[in-house]
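Text of entry03.cif, listed as mmCIF, C-alpha atoms:
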data_target
loop_
_atom_site.label_atom_id
_atom_site.label_comp_id
_atom_site.auth_asym_id
_atom_site.auth_seq_id
_atom_site.Cartn_x
_atom_site.Cartn_y
_atom_site.Cartn_z
CA MET A 1 95.72 223.12 191.51
CA ALA A 2 93.46 222.97 188.52
CA GLU A 3 95.09 223.48 185.14
CA ALA A 4 94.08 226.39 182.95
CA PRO A 5 91.49 225.74 180.26
CA LEU A 6 92.72 225.02 176.77
CA SER A 7 93.56 228.32 175.14
CA PRO A 8 91.00 229.50 172.58
CA ASN A 9 93.96 230.75 170.58
CA THR A 10 94.93 227.16 169.70
CA MET A 11 95.07 226.70 165.94
CA LEU A 12 92.84 224.01 164.50
CA SER A 13 94.37 221.69 161.92
CA SER A 14 92.29 220.11 159.20
CA SER A 15 93.31 216.60 160.30
CA HIS A 16 91.59 216.74 163.69
CA THR A 17 89.21 219.65 163.39
CA SER A 18 86.10 217.60 164.09
CA VAL A 19 87.50 216.53 167.46
CA MET A 20 88.78 220.00 168.33
CA LEU A 21 85.51 221.66 167.39
CA ASP A 22 83.74 219.71 170.12
CA HIS A 23 86.47 220.53 172.64
CA ILE A 24 87.10 224.19 171.79
CA CYS A 25 84.51 225.67 169.47
CA SER A 26 81.47 224.54 171.44
CA SER A 27 82.97 226.03 174.61
CA ILE A 28 83.41 229.39 172.87
CA LEU A 29 80.67 229.46 170.25
CA SER A 30 77.29 227.93 170.97
CA MET A 31 76.27 224.97 168.85
CA ASP A 32 73.43 227.11 167.47
CA ILE A 33 75.96 229.62 166.15
CA ILE A 34 78.12 226.87 164.69
CA ARG A 35 75.08 225.35 162.96
CA ASP A 36 74.05 228.78 161.64
CA ILE A 37 77.53 229.25 160.15
CA GLU A 38 77.43 225.82 158.53
CA LYS A 39 73.93 226.39 157.17
CA ALA A 40 74.83 229.81 155.71
CA TRP A 41 77.91 228.47 153.95
CA LYS A 42 76.19 225.41 152.57
CA GLU A 43 73.59 227.73 151.07
CA GLY A 44 76.26 230.06 149.68
CA LYS A 45 75.12 233.02 151.80
CA LEU A 46 78.23 234.97 152.77
CA LEU A 47 76.14 237.85 154.08
CA GLU A 48 74.48 235.54 156.59
CA VAL A 49 77.91 234.39 157.78
CA VAL A 50 78.71 238.04 158.54
CA SER A 51 75.40 238.31 160.37
CA VAL A 52 76.28 235.30 162.50
CA VAL A 53 79.68 236.80 163.27
CA ARG A 54 77.89 239.83 164.67
CA LYS A 55 76.01 237.54 167.04
CA THR A 56 79.28 236.35 168.54
CA ALA A 57 80.09 239.78 170.05
CA GLU A 58 78.61 238.88 173.43
CA THR A 59 80.20 235.44 173.34
CA VAL A 60 83.62 236.93 172.60
CA SER A 61 83.55 239.03 175.77
CA ARG A 62 83.14 235.84 177.82
CA MET A 63 86.00 233.98 176.19
CA PRO A 64 88.72 232.97 178.68
CA VAL A 65 92.18 234.46 178.18
CA SER A 66 95.30 233.15 179.91
CA ILE A 67 98.11 235.56 180.80
CA ALA A 68 101.41 234.33 182.24
CA VAL A 69 103.49 236.53 184.54
CA THR A 70 107.07 235.32 184.46
CA GLY A 71 110.64 236.39 185.10
CA GLU A 72 113.39 235.77 187.64
CA SER A 73 112.73 235.06 191.29
CA GLY A 74 112.71 238.16 193.46
CA ASN A 75 111.61 240.53 190.69
CA GLY A 76 108.20 241.12 192.26
CA MET A 77 105.98 238.97 190.04
CA SER A 78 103.44 238.14 192.76
CA SER A 79 103.44 241.75 193.97
CA PHE A 80 102.78 242.89 190.42
CA ILE A 81 99.78 240.56 190.12
CA ASN A 82 98.37 241.99 193.34
CA ALA A 83 98.90 245.54 192.12
CA LEU A 84 97.28 244.75 188.77
CA ARG A 85 94.28 243.33 190.63
CA ARG A 86 94.26 246.38 192.93
CA LEU A 87 94.72 244.22 196.02
CA GLN A 88 96.79 244.84 199.12
CA HIS A 89 99.24 242.14 200.12
CA GLU A 90 97.25 241.44 203.28
CA ASP A 91 94.01 240.85 201.37
CA GLU A 92 92.77 237.27 201.57
CA ALA A 93 92.64 236.81 197.79
CA SER A 94 96.10 238.27 197.16
CA ALA A 95 99.04 236.31 195.79
CA PRO A 96 101.53 235.41 198.55
CA ILE A 97 104.73 237.47 198.56
CA GLY A 98 107.98 237.38 200.52
CA VAL A 99 111.68 238.13 200.46
CA VAL A 100 112.44 234.50 199.59
CA LYS A 101 111.19 232.44 196.68
CA THR A 102 107.53 232.44 197.64
CA THR A 103 106.03 231.00 194.44
CA GLN A 104 107.13 227.38 193.99
CA THR A 105 104.27 226.21 191.75
CA ARG A 106 101.96 227.89 189.27
CA GLY A 107 99.21 229.93 190.82
CA SER A 108 96.11 231.22 189.03
CA TYR A 109 94.25 234.40 189.91
CA SER A 110 91.28 236.33 188.60
CA SER A 111 90.10 239.92 188.90
CA PHE A 112 86.81 241.67 188.25
CA HIS A 113 88.90 244.41 186.60
CA PHE A 114 89.68 241.89 183.84
CA PRO A 115 86.65 239.57 183.53
CA ASN A 116 87.26 236.02 182.32
CA VAL A 117 91.02 236.50 182.41
CA VAL A 118 93.28 234.08 184.28
CA LEU A 119 96.52 235.59 185.57
CA TRP A 120 99.12 232.86 186.04
CA ASP A 121 101.82 233.55 188.61
CA LEU A 122 104.73 231.38 187.50
CA PRO A 123 107.71 230.40 189.63
CA GLY A 124 110.85 232.34 188.79
CA MET A 125 112.92 230.88 186.01
CA GLU A 126 116.25 229.26 186.82
CA THR A 127 119.60 230.68 185.76
CA THR A 128 121.11 228.05 183.43
CA ALA A 129 120.63 227.92 179.67
CA GLN A 130 119.59 224.26 179.84
CA SER A 131 116.90 224.93 182.41
CA LEU A 132 115.17 227.50 180.18
CA GLU A 133 113.81 224.78 177.90
CA ASN A 134 112.72 222.78 180.93
CA TYR A 135 111.10 225.87 182.38
CA LEU A 136 109.11 226.51 179.19
CA ASN A 137 107.87 222.93 179.16
CA GLU A 138 107.13 222.64 182.87
CA MET A 139 105.25 225.94 182.93
CA GLN A 140 103.32 224.92 179.78
CA PHE A 141 104.09 228.09 177.83
CA SER A 142 102.15 226.90 174.81
CA GLN A 143 98.81 227.32 176.60
CA TYR A 144 99.10 231.05 177.37
CA ASP A 145 97.76 233.82 175.15
CA LEU A 146 99.99 236.64 176.39
CA PHE A 147 103.07 236.98 178.59
CA ILE A 148 104.27 239.65 180.99
CA ILE A 149 108.01 239.47 181.70
CA ILE A 150 108.81 241.04 185.06
CA ALA A 151 112.20 242.64 185.72
CA SER A 152 113.81 244.84 188.36
CA GLU A 153 117.35 246.01 189.18
CA GLN A 154 118.61 244.64 185.86
CA PHE A 155 117.30 243.28 182.59
CA SER A 156 119.44 240.17 182.48
CA MET A 157 120.35 237.74 179.73
CA ASN A 158 117.82 235.34 181.22
CA HIS A 159 115.09 237.90 180.58
CA VAL A 160 116.33 238.30 177.01
CA LYS A 161 116.34 234.53 176.42
CA LEU A 162 112.84 234.32 177.81
CA ALA A 163 111.68 237.14 175.51
CA LYS A 164 113.33 235.48 172.52
CA ALA A 165 111.67 232.15 173.29
CA ILE A 166 108.23 233.75 173.57
CA GLU A 167 108.74 235.71 170.36
CA GLY A 168 109.75 232.47 168.65
CA MET A 169 106.40 231.01 169.68
CA GLY A 170 104.64 233.87 167.90
CA LYS A 171 103.10 235.10 171.14
CA ARG A 172 102.73 238.69 172.30
CA PHE A 173 104.56 239.82 175.44
CA TYR A 174 105.27 242.88 177.57
CA VAL A 175 108.26 243.84 179.66
CA VAL A 176 107.34 245.38 183.01
CA TRP A 177 109.92 246.97 185.32
CA THR A 178 108.33 246.73 188.76
CA LYS A 179 110.47 248.51 191.38
CA LEU A 180 110.69 252.04 190.09
CA ASP A 181 110.13 253.50 193.55
CA ARG A 182 113.32 251.87 194.82
CA ASP A 183 115.28 253.06 191.79
CA PHE A 184 114.20 256.63 192.45
CA SER A 185 115.08 256.46 196.15
CA THR A 186 118.52 254.86 195.78
CA SER A 187 119.98 256.68 192.76
CA ALA A 188 121.57 260.11 192.59
CA LEU A 189 120.35 260.53 189.03
CA SER A 190 117.22 262.47 188.16
CA ASN A 191 114.01 260.50 187.77
CA GLU A 192 113.92 261.36 184.08
CA LYS A 193 117.46 260.03 183.57
CA ILE A 194 116.65 256.83 185.49
CA LEU A 195 113.63 256.17 183.27
CA GLN A 196 115.69 256.80 180.16
CA ASN A 197 118.50 254.48 181.28
CA ILE A 198 116.10 251.63 182.09
CA GLN A 199 114.30 251.92 178.74
CA GLU A 200 117.55 252.07 176.78
CA ASN A 201 119.03 249.12 178.67
CA ILE A 202 116.02 246.92 177.96
CA LYS A 203 115.89 247.97 174.31
CA GLU A 204 119.62 247.45 173.75
CA ASN A 205 119.73 244.01 175.36
CA LEU A 206 116.79 242.81 173.27
CA GLN A 207 118.13 244.27 170.03
CA ASN A 208 121.51 242.60 170.58
CA GLU A 209 119.73 239.25 170.43
CA GLY A 210 117.50 240.22 167.50
CA VAL A 211 114.32 240.51 169.55
CA LYS A 212 111.79 243.10 168.44
CA GLU A 213 111.15 245.74 171.10
CA PRO A 214 107.89 244.89 172.94
CA PRO A 215 105.58 247.23 174.86
CA THR A 216 107.57 248.22 177.93
CA PHE A 217 106.14 249.66 181.14
CA LEU A 218 108.02 251.12 184.11
CA VAL A 219 105.93 250.89 187.28
CA SER A 220 105.98 250.67 191.05
CA ASN A 221 104.11 247.76 192.58
CA PHE A 222 103.39 249.93 195.61
CA ASP A 223 101.36 252.46 193.66
CA PRO A 224 99.36 251.06 190.70
CA SER A 225 98.01 254.50 189.84
CA LEU A 226 101.37 256.11 188.99
CA HIS A 227 103.96 255.94 186.22
CA ASP A 228 103.08 253.51 183.39
CA PHE A 229 100.50 251.48 185.31
CA PRO A 230 97.43 253.24 183.80
CA LYS A 231 98.94 252.87 180.32
CA LEU A 232 99.63 249.21 181.01
CA ARG A 233 96.02 248.57 182.04
CA ASN A 234 94.65 250.21 178.90
CA THR A 235 97.07 248.34 176.62
CA LEU A 236 96.21 245.07 178.32
CA ARG A 237 92.47 245.59 177.88
CA ILE A 238 92.96 246.33 174.17
CA ASP A 239 95.15 243.26 173.65
CA ILE A 240 92.76 241.00 175.57
CA SER A 241 89.99 242.14 173.22
CA LYS A 242 92.20 241.46 170.18
CA ILE A 243 93.11 238.01 171.44
CA ARG A 244 89.46 237.12 171.85
CA CYS A 245 88.44 238.50 168.47
CA HIS A 246 91.23 236.79 166.59
CA SER A 247 90.59 233.51 168.38
CA VAL A 248 86.98 233.57 167.21
CA GLN A 249 88.16 234.58 163.74
CA LYS A 250 90.38 231.49 163.52
CA ILE A 251 87.61 229.21 164.72
CA ILE A 252 85.02 230.62 162.31
CA PHE A 253 87.49 230.46 159.43
CA THR A 254 88.28 226.82 160.22
CA ILE A 255 84.59 225.89 160.32
CA CYS A 256 83.96 227.61 156.98
CA GLU A 257 87.14 226.27 155.40
CA ASN A 258 86.08 222.72 156.20
CA ILE A 259 82.70 223.30 154.57
CA ILE A 260 84.35 224.81 151.48
CA ASN A 261 86.71 221.84 151.19
CA GLU A 262 83.85 219.38 151.60
CA SER A 263 81.86 221.20 148.91
CA VAL A 264 84.82 221.09 146.53
CA THR A 265 85.29 217.37 147.13
CA SER A 266 81.59 216.72 146.51
CA LEU A 267 81.52 218.77 143.30
CA LEU A 268 84.71 217.19 142.00
CA LYS A 269 83.07 213.78 142.31
CA LYS A 270 80.12 215.04 140.32
CA ILE A 271 82.44 216.52 137.70
CA ASP A 272 84.12 213.13 137.44
CA THR A 273 80.75 211.53 136.70
CA GLY A 274 79.41 214.35 134.54
CA GLY A 275 76.50 215.24 136.82
CA PHE A 276 77.69 218.53 138.25
CA GLN A 277 75.72 220.72 135.82
CA ASP A 278 72.47 219.35 137.21
CA VAL A 279 73.46 220.37 140.73
CA LEU A 280 74.51 223.89 139.74
CA GLY A 281 71.96 224.44 137.00
CA ILE A 282 74.62 224.75 134.28
CA GLN A 283 73.14 224.49 130.80
CA ASP A 284 76.40 224.15 128.87
CA PRO A 285 79.38 222.63 130.75
CA ASN A 286 81.62 223.68 127.85
CA ASN A 287 80.87 227.34 128.54
CA LEU A 288 83.43 228.23 131.21
CA GLY A 289 81.88 231.66 131.66
CA ASP A 290 78.58 230.12 132.75
CA CYS A 291 80.42 227.61 134.95
CA LEU A 292 82.40 230.36 136.62
CA LYS A 293 79.25 232.34 137.44
CA SER A 294 77.61 229.23 138.84
CA TYR A 295 80.63 228.38 140.99
CA ARG A 296 80.86 231.92 142.40
CA LEU A 297 77.12 231.94 143.10
CA PHE A 298 77.36 228.53 144.72
CA PHE A 299 80.07 229.74 147.14
CA GLY A 300 78.41 233.11 147.73
CA VAL A 301 81.20 235.22 146.23
CA ASP A 302 79.32 236.55 143.20
CA ASP A 303 79.34 240.31 142.62
CA LYS A 304 75.93 240.87 144.21
CA SER A 305 76.86 239.01 147.38
CA LEU A 306 80.20 240.80 147.69
CA LYS A 307 78.47 244.17 147.30
CA GLN A 308 76.01 243.31 150.09
CA VAL A 309 78.81 242.18 152.39
CA ALA A 310 80.90 245.28 151.68
CA GLN A 311 77.94 247.54 152.47
CA SER A 312 77.21 245.72 155.72
CA ILE A 313 80.79 246.23 156.91
CA GLY A 314 81.19 249.73 155.51
CA LYS A 315 83.84 248.83 152.94
CA SER A 316 84.03 249.46 149.21
CA VAL A 317 83.14 246.44 147.09
CA GLU A 318 86.40 246.95 145.16
CA GLU A 319 88.34 245.86 148.24
CA TYR A 320 86.87 242.42 147.73
CA THR A 321 86.50 242.17 143.96
CA ASN A 322 90.13 243.24 143.49
CA ILE A 323 91.41 240.16 145.32
CA VAL A 324 89.30 237.76 143.27
CA LYS A 325 91.51 235.93 140.78
CA SER A 326 88.68 234.19 138.90
CA GLN A 327 86.56 237.26 138.09
CA ASP A 328 85.63 236.22 134.56
CA ALA A 329 86.39 233.44 132.14
CA GLN A 330 88.59 235.63 129.95
CA THR A 331 90.79 236.71 132.86
CA TYR A 332 90.91 233.15 134.07
CA HIS A 333 92.10 231.94 130.65
CA GLN A 334 94.77 234.64 130.51
CA GLU A 335 96.09 233.69 133.93
CA SER A 336 96.08 229.96 133.16
CA SER A 337 99.63 228.82 132.65
CA THR A 338 100.79 227.14 129.44
CA LEU A 339 102.44 224.46 131.54
CA SER A 340 99.06 223.49 132.99
CA TRP A 341 97.69 222.90 129.49
CA ILE A 342 100.77 220.89 128.58
CA GLY A 343 100.27 218.91 131.78
CA ASN A 344 96.62 218.27 130.90
CA ILE A 345 97.51 216.98 127.44
CA THR A 346 100.29 214.81 128.85
CA VAL A 347 97.89 213.26 131.36
CA PHE A 348 95.30 212.80 128.60
CA TYR A 349 97.63 210.75 126.42
CA LEU A 350 98.85 208.84 129.44
CA CYS A 351 95.23 207.96 130.19
CA ILE A 352 94.80 206.75 126.62
CA GLY A 353 97.75 204.44 127.14
CA LEU A 354 96.13 203.14 130.30
CA SER A 355 92.67 203.02 128.64
CA TYR A 356 91.25 205.24 131.40
CA ILE A 357 89.64 208.66 131.06
CA PRO A 358 86.91 209.56 133.59
CA TYR A 359 83.55 209.41 131.83
CA TYR A 360 84.84 211.20 128.73
CA GLY A 361 85.73 208.24 126.61
CA ASN A 362 88.28 209.06 123.89
CA SER A 363 87.50 212.74 123.48
CA ALA A 364 90.56 214.88 124.21
CA ALA A 365 88.45 218.05 124.03
CA LYS A 366 86.03 216.74 126.64
CA TYR A 367 88.85 215.62 128.89
CA LEU A 368 90.59 218.98 128.69
CA ASN A 369 87.29 220.64 129.54
CA TYR A 370 86.99 218.30 132.50
CA MET A 371 90.43 219.39 133.69
CA GLU A 372 89.49 223.04 133.20
CA GLN A 373 86.38 222.53 135.30
CA ARG A 374 88.48 221.13 138.12
CA ARG A 375 90.95 223.99 137.98
CA LEU A 376 88.18 226.58 137.73
CA LEU A 377 86.35 225.13 140.72
CA GLU A 378 89.53 225.00 142.80
CA SER A 379 90.34 228.58 141.81
CA VAL A 380 86.93 229.85 142.97
CA ALA A 381 87.24 227.87 146.20
CA LYS A 382 90.63 229.49 146.84
CA ASP A 383 89.15 232.93 146.14
CA THR A 384 86.33 232.14 148.55
CA LYS A 385 88.79 231.42 151.37
CA THR A 386 90.73 234.61 150.61
CA ILE A 387 87.55 236.70 150.68
CA LEU A 388 86.35 235.00 153.85
CA ARG A 389 89.60 235.76 155.63
CA LYS A 390 89.44 239.41 154.62
CA VAL A 391 85.76 239.72 155.60
CA LEU A 392 86.54 238.34 159.06
CA GLU A 393 89.57 240.61 159.46
CA ASP A 394 87.61 243.68 158.35
CA PHE A 395 84.72 242.88 160.64
CA ILE A 396 86.97 242.29 163.65
CA ASN A 397 88.96 245.47 162.98
CA LEU A 398 85.67 247.38 162.77
CA ASP A 399 84.53 245.81 166.05
CA GLU A 400 87.80 246.80 167.75
CA VAL A 401 87.34 250.43 166.65
CA HIS A 402 83.92 250.52 168.31
#

Rendering of file as structure tokens:
Amino acid sequence: MAEAPLSPNTMLSSSHTSVMLDHICSSILSMDIIRDIEKAWKEGKLLEVVSVVRKTAETVSRMPVSIAVTGESGNGMSSFINALRRLQHEDEASAPIGVVKTTQTRGSYSSFHFPNVVLWDLPGMETTAQSLENYLNEMQFSQYDLFIIIASEQFSMNHVKLAKAIEGMGKRFYVVWTKLDRDFSTSALSNEKILQNIQENIKENLQNEGVKEPPTFLVSNFDPSLHDFPKLRNTLRIDISKIRCHSVQKIIFTICENIINESVTSLLKKIDTGGFQDVLGIQDPNNLGDCLKSYRLFFGVDDKSLKQVAQSIGKSVEEYTNIVKSQDAQTYHQESSTLSWIGNITVFYLCIGLSYIPYYGNSAAKYLNYMEQRRLLESVAKDTKTILRKVLEDFINLDEVH
């Protein structure tokens, strides 16, 4: 059986981003889009980055999402997958079911009701505490984007441990009770009381182990149009969309973050050699106000650019300017710590002792200005990342509303 594709939700680390971009990003975002993002950032055009993000809407809908259906054997996991896909058990494409442990290995299924979604039917978990860790590893839990824990008859400690493990991975999960029809037919209690008891039992068992209550759905696999099944479908569609959007957000942020870091490294080298003012058009490198404006313009987070971006997303510009720490030279000076100045002076005199000060000779004033330039540049770069993250979040939230 073919393994599932690498999850687009995989975080990209700065140490191997170039390799991962080829493996993940190009399979989700076209190389043209990636190049457009790089070009826009290198030219300091934040508004064009937003424009490129808009172009990814169609791509996002095609992004693969992996959903694992798990639980204890005999809880009706395969039957649930068939019901979710609106298939009868006798249909050729249905997942095999039976009164014994039918699913021995992972099975993957698709449905036109959920395009580009892979539903993974996992074998039932074993019953010992030691086997839970083995189960998580053997079933490759790290590759799934969302989990559906299936239960019936009882919500056991094994279900709770499974929920706790998934929560610890930072992944979203549901609890689905699948045999409501049998509960109704075998209990003397009213249907309303049965529903209440099941909900309370699940909630209590999870809370006792410190697990936050997840979305819980009580259904019958024999009738996917009754009880919580319609609500489950709607919730699943919403969460699939969120998973896709946030996956793209992480990828775009990583691409832009790398470019920002590369730009900072390049400018720091020019600051070290005293040639940065030529690149940025700075007339007086001793004027931190002019340097600050040039840095913000270079990274595309000047007031004019932020206003254009805010208007394009339908947000107030204050939502972005208020999170900028390096708004003006005076504010920057006020927020500069005394310890940093003491550190600069200490390093300066240490450099004198070592007869080394980058390009500034024996001028303490010039060296301190050099250190200020570094700190100012790094501050603007940090602001740029903060603004970028908020822009992406705002745009994705707006897209989810529509």

Q.
as a list of chain:residue names, please: the residues near Ser263 (chain A) (cut-off 12 Å, all atoms listed in the file, same-chain neighbours under 5 positions excluded).
A.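 The neighbour list is A:Glu38, A:Trp41, A:Lys42, A:Glu43, A:Gly44, A:Cys256, A:Glu257, A:Asn258, A:Leu268, A:Lys269, A:Lys270, A:Phe276, A:Val279, A:Tyr295, A:Phe298, A:Phe299, A:Leu377, A:Glu378, A:Val380, A:Ala381, A:Thr384.
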
Hits from the PyMOL selection byres ((chain A and resi 116) around 9), listed as an mmCIF file with C-alpha atoms, in the coordinates of the input:
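Output (selection27.cif):
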data_model
loop_
_atom_site.group_PDB
_atom_site.id
_atom_site.type_symbol
_atom_site.label_atom_id
_atom_site.label_comp_id
_atom_site.auth_asym_id
_atom_site.auth_seq_id
_atom_site.Cartn_x
_atom_site.Cartn_y
_atom_site.Cartn_z
ATOM 1 C CA SER A 61 83.550 239.030 175.770
ATOM 2 C CA ARG A 62 83.140 235.840 177.820
ATOM 3 C CA MET A 63 86.000 233.980 176.190
ATOM 4 C CA PRO A 64 88.720 232.970 178.680
ATOM 5 C CA VAL A 65 92.180 234.460 178.180
ATOM 6 C CA SER A 66 95.300 233.150 179.910
ATOM 7 C CA SER A 110 91.280 236.330 188.600
ATOM 8 C CA SER A 111 90.100 239.920 188.900
ATOM 9 C CA PHE A 112 86.810 241.670 188.250
ATOM 10 C CA PHE A 114 89.680 241.890 183.840
ATOM 11 C CA PRO A 115 86.650 239.570 183.530
ATOM 12 C CA VAL A 117 91.020 236.500 182.410
ATOM 13 C CA VAL A 118 93.280 234.080 184.280
#

Q: Using CA of Val160 (chain A) and CA of Ser73 (chain A) as the two end points, give the distance in Å to one decimal.
A: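 It comes out at 15.1 Å.
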
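Every residue that the PyMOL selection byres ((chain A and resi 157) around 10) selects in this file is listed here: Thr127, Ala129, Gln154, Phe155, Ser156, Asn158, His159, Val160, Lys161, Leu162, Ala163, Asn205, Leu206 and Glu209 of chain A.
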
Would you list the contacts of Leu84 (chain A) as a JSON list (two decimals) with C-alpha atoms, in the frame of the given file, taking every protein, DNA or RNA residue within 9 Å and counting only C-alpha atoms, but skipping same-chain residues closer than 4 positions in sequence?
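Now in around.json:
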[["chain", "number", "residue", "atom", "x", "y", "z"],
["A", 79, "SER", "CA", 103.44, 241.75, 193.97],
["A", 80, "PHE", "CA", 102.78, 242.89, 190.42],
["A", 111, "SER", "CA", 90.10, 239.92, 188.90],
["A", 113, "HIS", "CA", 88.90, 244.41, 186.60],
["A", 221, "ASN", "CA", 104.11, 247.76, 192.58],
["A", 224, "PRO", "CA", 99.36, 251.06, 190.70],
["A", 229, "PHE", "CA", 100.50, 251.48, 185.31],
["A", 233, "ARG", "CA", 96.02, 248.57, 182.04]]

**Q.** Residue with smallest distance to Pro230 (chain A) - pool A:Lys390, A:Arg86, A:Lys179, A:Lys39, counting all atoms listed in the file
**A.**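 Nearest to Pro230 (chain A): A:Arg86.
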
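Rounded to one decimal, CA of Lys203 (chain A) and CA of Leu226 (chain A) lie 22.2 Å from each other.
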
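In this structure, CA of Gln308 (chain A) sits 13.3 Å away from CA of Ile387 (chain A).
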
Q. Mind telling me what the PyMOL selection byres ((chain A and resi 323) around 8) catches here, as a VMD selection string?
A. chain A and resid 319 to 322 324 to 325 383 386 to 387

Q.
Between A:Asn82, A:Ala68, A:Lys171, A:Met77, which residue has the minimum interatomic distance to Gln140 (chain A), considering only C-alpha atoms?
A. A:Ala68

Q | Shell of 8 Å around Gln373 (chain A), all atoms listed in the file, local chain residues under 5 positions omitted, as a ChimeraX atom specification | A | /A:271,288,291
